[in-house]
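Source file query_17.txt; content: compact mmCIF, C-alpha atoms and all ligand atoms.
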# COMPACT_ATOMS: atom_id res chain seq x y z
CA MET A 1 2.59 11.46 -23.40
CA ALA A 2 0.64 14.71 -23.40
CA LEU A 3 0.02 14.05 -19.74
CA PHE A 4 3.71 14.09 -18.86
CA GLU A 5 4.36 17.17 -21.01
CA LYS A 6 1.58 19.07 -19.28
CA LYS A 7 2.82 18.23 -15.80
CA GLU A 8 6.47 18.28 -16.88
CA ILE A 9 7.05 15.00 -15.17
CA LYS A 10 9.46 12.66 -16.84
CA PRO A 11 9.38 9.06 -15.58
CA PRO A 12 12.84 7.97 -14.35
CA ILE A 13 12.75 4.73 -16.35
CA PRO A 14 11.12 3.76 -19.67
CA PRO A 15 7.43 2.77 -19.45
CA GLU A 16 8.15 -0.82 -20.47
CA GLN A 17 10.47 -1.20 -17.45
CA MET A 18 8.06 0.39 -14.99
CA PRO A 19 6.84 -1.98 -12.25
CA LYS A 20 3.10 -2.52 -12.50
CA HIS A 21 2.64 -2.73 -8.74
CA VAL A 22 4.78 -1.01 -6.09
CA GLY A 23 4.33 -1.54 -2.34
CA PHE A 24 5.34 1.07 0.23
CA ILE A 25 5.97 0.24 3.89
CA MET A 26 5.50 3.76 5.24
CA ASP A 27 7.80 3.37 8.24
CA GLY A 28 9.77 5.77 10.42
CA ASN A 29 7.11 8.33 11.36
CA GLY A 30 7.69 7.90 15.09
CA ARG A 31 11.48 8.31 14.87
CA TRP A 32 11.05 11.33 12.60
CA ALA A 33 8.83 13.00 15.22
CA LYS A 34 11.13 12.00 18.10
CA LYS A 35 14.09 13.66 16.39
CA ARG A 36 12.07 16.88 16.48
CA GLY A 37 10.99 16.46 20.11
CA MET A 38 7.39 15.99 18.97
CA PRO A 39 4.74 13.34 19.73
CA ARG A 40 4.50 10.31 17.42
CA THR A 41 1.21 11.52 15.94
CA PHE A 42 3.06 14.53 14.52
CA GLY A 43 5.15 12.07 12.52
CA HIS A 44 2.05 10.23 11.33
CA LYS A 45 0.59 13.52 10.10
CA ALA A 46 3.76 14.31 8.15
CA GLY A 47 3.72 10.74 6.82
CA GLY A 48 0.16 11.23 5.57
CA GLU A 49 1.24 14.30 3.59
CA VAL A 50 4.03 12.28 2.00
CA TYR A 51 1.52 9.56 1.09
CA LYS A 52 -0.48 12.12 -0.93
CA LYS A 53 2.60 13.37 -2.81
CA ILE A 54 3.95 9.91 -3.59
CA MET A 55 0.51 8.60 -4.59
CA GLN A 56 0.12 11.44 -7.10
CA TYR A 57 3.65 10.94 -8.38
CA CYS A 58 2.98 7.22 -8.92
CA ARG A 59 -0.07 8.17 -10.97
CA ASP A 60 1.84 10.74 -13.01
CA ILE A 61 4.71 8.44 -13.96
CA GLY A 62 2.43 5.59 -15.00
CA ILE A 63 2.54 3.13 -12.10
CA GLN A 64 -0.77 1.24 -12.22
CA TYR A 65 -1.00 -0.15 -8.68
CA ALA A 66 0.53 1.26 -5.48
CA SER A 67 -0.03 -0.40 -2.09
CA PHE A 68 0.55 1.60 1.07
CA TYR A 69 0.93 -0.01 4.50
CA VAL A 70 -1.09 2.29 6.77
CA PHE A 71 -1.81 0.19 9.88
CA SER A 72 -0.88 -3.42 10.54
CA THR A 73 -2.71 -6.12 12.50
CA GLU A 74 0.22 -5.84 14.94
CA ASN A 75 -0.07 -2.05 15.36
CA TRP A 76 -2.93 -2.51 17.88
CA ALA A 77 -0.06 -3.05 20.34
CA ARG A 78 0.55 0.73 20.28
CA SER A 79 -0.75 3.05 23.02
CA GLN A 80 -4.40 4.07 23.02
CA ALA A 81 -3.33 7.69 22.47
CA GLU A 82 -1.33 6.81 19.36
CA ILE A 83 -4.13 4.62 17.95
CA GLU A 84 -6.66 7.40 18.50
CA GLY A 85 -4.32 9.87 16.82
CA ILE A 86 -4.08 7.53 13.83
CA PHE A 87 -7.90 7.20 13.69
CA ARG A 88 -8.16 11.01 13.64
CA LEU A 89 -5.69 11.25 10.78
CA MET A 90 -7.45 8.46 8.88
CA ARG A 91 -10.73 10.36 9.22
CA GLU A 92 -9.14 13.54 7.87
CA GLY A 93 -7.17 11.70 5.19
CA LEU A 94 -10.19 9.86 3.79
CA ILE A 95 -11.89 13.23 3.20
CA ASP A 96 -8.70 14.99 2.11
CA VAL A 97 -8.10 12.65 -0.82
CA GLN A 98 -11.63 13.07 -2.23
CA PRO A 99 -10.57 15.79 -4.76
CA HIS A 100 -8.19 13.25 -6.32
CA VAL A 101 -11.15 11.06 -7.27
CA LYS A 102 -11.53 13.40 -10.25
CA GLU A 103 -7.90 12.77 -11.20
CA GLY A 104 -8.22 9.12 -12.07
CA VAL A 105 -7.30 7.43 -8.77
CA ARG A 106 -9.19 4.36 -7.60
CA TRP A 107 -8.96 3.41 -3.93
CA ILE A 108 -9.22 -0.08 -2.52
CA LEU A 109 -9.17 -0.52 1.25
CA VAL A 110 -7.41 -3.75 2.12
CA GLY A 111 -7.62 -5.49 5.50
CA ASP A 112 -10.26 -6.16 8.14
CA ARG A 113 -11.96 -2.77 8.38
CA THR A 114 -14.59 -3.96 10.86
CA LYS A 115 -12.22 -3.15 13.74
CA PHE A 116 -12.32 0.59 12.92
CA PRO A 117 -14.98 3.03 14.21
CA GLN A 118 -18.15 2.96 12.08
CA ASP A 119 -17.70 6.46 10.60
CA ILE A 120 -14.22 5.51 9.30
CA GLN A 121 -15.63 2.31 7.76
CA ASP A 122 -18.36 4.38 6.09
CA SER A 123 -15.80 6.85 4.66
CA MET A 124 -13.72 3.94 3.35
CA THR A 125 -16.74 2.46 1.58
CA LYS A 126 -17.70 5.86 0.15
CA LEU A 127 -14.19 6.49 -1.21
CA GLU A 128 -14.13 3.05 -2.84
CA GLU A 129 -17.59 3.59 -4.31
CA ASP A 130 -16.85 7.14 -5.58
CA SER A 131 -13.59 6.08 -7.25
CA LYS A 132 -14.47 2.60 -8.52
CA ASP A 133 -14.53 3.51 -12.22
CA ASN A 134 -11.12 5.25 -12.21
CA THR A 135 -8.35 3.59 -14.15
CA ARG A 136 -5.09 5.58 -13.93
CA LEU A 137 -3.77 4.45 -10.55
CA THR A 138 -5.19 1.99 -8.05
CA SER A 139 -4.12 3.01 -4.56
CA LEU A 140 -4.44 0.11 -2.15
CA MET A 141 -4.60 1.26 1.45
CA CYS A 142 -3.63 -1.54 3.84
CA CYS A 143 -5.48 -0.78 7.06
CA ASN A 144 -5.65 -3.34 9.85
CA TYR A 145 -3.82 -5.44 7.31
CA GLY A 146 -1.62 -8.44 7.96
CA GLY A 147 -0.43 -10.94 5.37
CA ARG A 148 -1.08 -13.90 7.68
CA ALA A 149 -4.57 -12.65 8.56
CA GLU A 150 -5.24 -12.25 4.83
CA ILE A 151 -4.16 -15.81 4.00
CA THR A 152 -6.20 -17.12 6.95
CA HIS A 153 -9.23 -15.19 5.62
CA SER A 154 -8.71 -16.75 2.17
CA VAL A 155 -8.43 -20.26 3.62
CA ARG A 156 -11.60 -19.75 5.67
CA GLU A 157 -13.59 -18.68 2.59
CA ILE A 158 -12.28 -21.64 0.60
CA ALA A 159 -13.12 -24.05 3.46
CA GLU A 160 -16.65 -22.67 3.49
CA LEU A 161 -17.03 -23.48 -0.24
CA VAL A 162 -15.76 -27.00 0.40
CA LYS A 163 -18.21 -27.40 3.30
CA GLN A 164 -21.08 -26.29 1.06
CA GLY A 165 -20.04 -28.90 -1.52
CA LYS A 166 -19.22 -26.21 -4.11
CA LEU A 167 -15.52 -26.98 -4.32
CA ASP A 168 -13.50 -30.21 -4.34
CA PRO A 169 -10.27 -29.90 -2.27
CA ALA A 170 -8.42 -31.52 -5.20
CA ASP A 171 -9.34 -28.50 -7.31
CA ILE A 172 -7.76 -25.95 -4.95
CA THR A 173 -4.86 -24.25 -6.73
CA GLU A 174 -2.64 -21.23 -6.08
CA ASP A 175 -5.14 -19.25 -8.14
CA THR A 176 -7.93 -20.29 -5.76
CA VAL A 177 -5.98 -18.94 -2.77
CA ASN A 178 -5.18 -15.76 -4.73
CA GLU A 179 -8.81 -15.20 -5.68
CA HIS A 180 -9.82 -15.16 -2.01
CA LEU A 181 -7.15 -12.72 -0.84
CA TYR A 182 -8.16 -9.09 -0.14
CA THR A 183 -6.12 -8.19 -3.24
CA ALA A 184 -8.03 -10.51 -5.62
CA GLY A 185 -7.72 -9.17 -9.17
CA VAL A 186 -4.61 -7.08 -8.39
CA PRO A 187 -1.32 -8.21 -9.97
CA ASP A 188 1.47 -9.45 -7.67
CA VAL A 189 3.65 -6.72 -6.21
CA ASP A 190 6.83 -6.17 -8.30
CA LEU A 191 8.76 -3.83 -6.01
CA ILE A 192 8.55 -3.28 -2.25
CA ILE A 193 10.10 -0.13 -0.84
CA ARG A 194 10.85 0.11 2.88
CA PRO A 195 12.32 3.28 4.28
CA SER A 196 13.52 3.81 7.89
CA GLY A 197 16.43 1.36 7.83
CA GLU A 198 14.47 -1.74 8.87
CA LEU A 199 15.20 -4.81 6.75
CA ARG A 200 11.99 -6.77 7.07
CA LEU A 201 8.49 -7.18 5.61
CA SER A 202 6.56 -6.93 8.90
CA ASN A 203 3.71 -9.08 7.53
CA PHE A 204 3.17 -6.93 4.39
CA LEU A 205 1.84 -8.66 1.24
CA ILE A 206 3.63 -11.89 2.14
CA TRP A 207 1.81 -14.02 -0.46
CA GLN A 208 1.93 -11.39 -3.22
CA SER A 209 5.64 -10.63 -2.74
CA ALA A 210 6.92 -14.17 -3.42
CA TYR A 211 8.87 -12.81 -6.42
CA ALA A 212 9.03 -9.11 -5.57
CA GLU A 213 12.22 -7.07 -5.69
CA TYR A 214 13.09 -5.19 -2.47
CA TYR A 215 14.49 -1.71 -1.98
CA PHE A 216 15.56 -0.55 1.47
CA THR A 217 16.67 2.94 2.44
CA ASP A 218 17.57 4.65 5.73
CA ILE A 219 15.41 7.68 4.89
CA LEU A 220 12.44 8.02 7.26
CA TRP A 221 9.05 7.99 5.50
CA PRO A 222 8.18 11.66 6.27
CA ASP A 223 11.42 12.63 4.46
CA PHE A 224 10.75 10.35 1.46
CA THR A 225 10.44 12.26 -1.84
CA SER A 226 9.73 11.54 -5.49
CA ASN A 227 13.53 11.62 -6.05
CA ASP A 228 13.87 8.73 -3.62
CA LEU A 229 11.20 6.84 -5.54
CA ASP A 230 13.10 7.57 -8.76
CA ASP A 231 16.24 6.05 -7.17
CA ALA A 232 14.27 2.93 -6.19
CA LEU A 233 12.82 2.61 -9.69
CA ARG A 234 16.24 2.98 -11.33
CA ALA A 235 17.62 0.27 -9.04
CA TYR A 236 14.61 -1.92 -9.86
CA ALA A 237 15.11 -1.48 -13.61
CA LYS A 238 18.67 -2.87 -13.27
CA ARG A 239 17.58 -6.09 -11.55
CA GLY A 240 17.46 -9.32 -13.52
CA ARG A 241 14.13 -10.95 -12.67
CA ARG A 242 14.25 -14.62 -13.56
CA PHE A 243 11.26 -16.11 -11.72
CA GLY A 244 13.15 -19.36 -11.36
CA GLY A 245 14.14 -19.56 -15.00
CA ALA A 246 17.66 -19.29 -16.47
CA GLU A 247 19.09 -16.74 -18.84
C1 LIG A 301 4.91 3.78 10.61
O1 LIG A 301 5.74 4.55 11.42
C2 LIG A 301 3.46 4.08 10.83
C3 LIG A 301 2.72 3.03 11.53
C4 LIG A 301 3.20 1.87 11.86
C5 LIG A 301 1.33 3.31 11.90
P1 LIG A 301 6.13 4.09 12.88
O2 LIG A 301 5.10 4.65 13.84
O3 LIG A 301 6.30 2.63 12.96
O4 LIG A 301 7.50 4.84 13.09
P2 LIG A 301 8.78 4.28 13.84
O5 LIG A 301 9.13 2.98 13.20
O6 LIG A 301 8.40 4.11 15.28
O7 LIG A 301 9.82 5.33 13.63
C1 LIG A 302 5.08 -1.73 9.58
O1 LIG A 302 5.79 -0.90 10.42
C2 LIG A 302 3.64 -1.30 9.54
C3 LIG A 302 3.37 -0.04 8.88
C4 LIG A 302 4.25 0.74 8.31
C5 LIG A 302 1.98 0.38 8.87
P1 LIG A 302 6.03 -1.26 11.96
O2 LIG A 302 6.80 -0.13 12.55
O3 LIG A 302 4.75 -1.63 12.61
O4 LIG A 302 6.91 -2.57 11.85
P2 LIG A 302 7.96 -3.19 12.88
O5 LIG A 302 7.26 -3.29 14.22
O6 LIG A 302 9.14 -2.28 12.93
O7 LIG A 302 8.31 -4.53 12.30
MG MG A 303 7.92 1.47 12.64
Can the structure from this file be put into structure tokens for me?
Amino acid sequence: MALFEKKEIKPPIPPEQMPKHVGFIMDGNGRWAKKRGMPRTFGHKAGGEVYKKIMQYCRDIGIQYASFYVFSTENWARSQAEIEGIFRLMREGLIDVQPHVKEGVRWILVGDRTKFPQDIQDSMTKLEEDSKDNTRLTSLMCCNYGGRAEITHSVREIAELVKQGKLDPADITEDTVNEHLYTAGVPDVDLIIRPSGELRLSNFLIWQSAYAEYYFTDILWPDFTSNDLDDALRAYAKRGRRFGGAE
């Protein structure tokens, strides 16, 4: 409580109603830049600033896990110039967030990082290592992430165990698949927020969102504020989550 008093931040909903894990599809950067007659990378830079604000806000209001969709397995279809611009911003961003390591944030980089330049991979590993003991907020950064690629990766690891004779196929359960996802150990996502007016998941956390609630808004990600997150949380708190049961 002292924490909220100090920062004068009042969570929009009671702590017991707060989702444990919120996913953000940070979409609309390109359209935001286009509206201003600027290149797409300008929108990605603005989007990165919003990430920092929202990440800190999540921490301050007591969200435990926040996943951010940074770059999908499908985003390699973008122009070389845009991809290089994103690499540059990732490089800067990975250094920029370092001061927050002292503020209780743990980072986990989710996705196949081997496709990124070596220096970016090294910075990702360093950030994870430096922040691994933090417990206030876990910020999952989904980079070269795709839900289908993640499930395929899990299946491949499980098949390897079967091949080595360490696992009987009859013993494979949903938990087994879960334990081999990139997000092993992280609770399922409770709420997925997608700005920019698109009504789809675009391959984000497809296994983990089986029972997630969804919140869509037309706001473009670079315009997204903590007030918009409050609106999403209030809407979430009103939903009746039944998980297949009956009231
Ligand atoms: C999301 O914004 C960021 C990435 C996918 C890297 P977009 O770049 O998709 O922005 P729009 O959808 O074109 O406006
Ligand atoms: C999803 O946005 C990926 C990220 C936000 C990183 P996209 O802009 O790539 O998704 P689509 O192409 O509109 O489905
Ligand atoms: Mg988009």
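Counting all atoms listed in the file and comparing A:Val186, A:Ile206, A:Leu199, A:Ala232, the residue that lies closest to ligand MG 303 (chain A) is A:Leu199.
Straight-line separation from CA of Pro117 in chain A to CA of Glu84 in chain A: 10.3 Å.
Around ligand LIG 302 (chain A), the neighbouring residues within 8 Å, taking all atoms listed in the file, come to Ile25, Met26, Asp27, Gly28, Tyr69, Val70, Phe71, Ser72, Glu74, Asn75, Cys142, Cys143, Glu198, Arg200, Leu201, Ser202, Asn203 and Phe204 of chain A.
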Write out as JSON lines a residue-level contact list of range 36-152 of chain A versus range 209-230 of chain A with cut-off 8 Å: for each qualifying residue the closest pair of atoms and the distance in Å to one decimal, counting all atoms listed in the file, rows sorted by chain and residue number upward.
{"residue": "A:Gly43", "atom": "CA", "partner": "A:Pro222", "partner_atom": "CA", "distance": 7.0}
{"residue": "A:Ala46", "atom": "CA", "partner": "A:Pro222", "partner_atom": "CA", "distance": 5.5}
{"residue": "A:Gly47", "atom": "CA", "partner": "A:Pro222", "partner_atom": "CA", "distance": 4.6}
{"residue": "A:Glu49", "atom": "CA", "partner": "A:Pro222", "partner_atom": "CA", "distance": 7.9}
{"residue": "A:Val50", "atom": "CA", "partner": "A:Pro222", "partner_atom": "CA", "distance": 6.0}
{"residue": "A:Lys53", "atom": "CA", "partner": "A:Ser226", "partner_atom": "CA", "distance": 7.8}
{"residue": "A:Ile54", "atom": "CA", "partner": "A:Ser226", "partner_atom": "CA", "distance": 6.3}
{"residue": "A:Tyr57", "atom": "CA", "partner": "A:Ser226", "partner_atom": "CA", "distance": 6.8}
All residues 12 Å or closer to Asp122 in chain A, all atoms listed in the file, same chain fewer than 5 positions away omitted, as an NGL selection string: :A and (90-91 or 94-95 or 109 or 113-114 or 116-117 or 127-129)
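When CA of Arg31 in chain A is paired with atom O6 of ligand LIG 301 (chain A), their separation reads 5.2 Å.
Residue nearest Gly104 in chain A within the list A:Gly62, A:Gly240, A:Gly85, A:Gly165: A:Gly62 [criterion: smallest interatomic distance, only C-alpha atoms].
Atom to atom, CA of Gly23 in chain A and atom P1 of ligand LIG 301 (chain A) stand 16.3 Å apart.
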Could you give me the centre and size, in Å to one decimal, of an axis-aligned box around all listed atoms of ligand LIG 301 (chain A) with 6 Å added on every side, as lines of an AutoDock Vina configuration file?
center_x = 5.6
center_y = 3.6
center_z = 12.9
size_x = 20.5
size_y = 15.5
size_z = 16.7
So, with all atoms listed in the file as the atoms that count, which of A:Asp96, A:Arg78, A:Arg136, A:Arg59 lies closest to ligand MG 303 (chain A)? A:Arg78
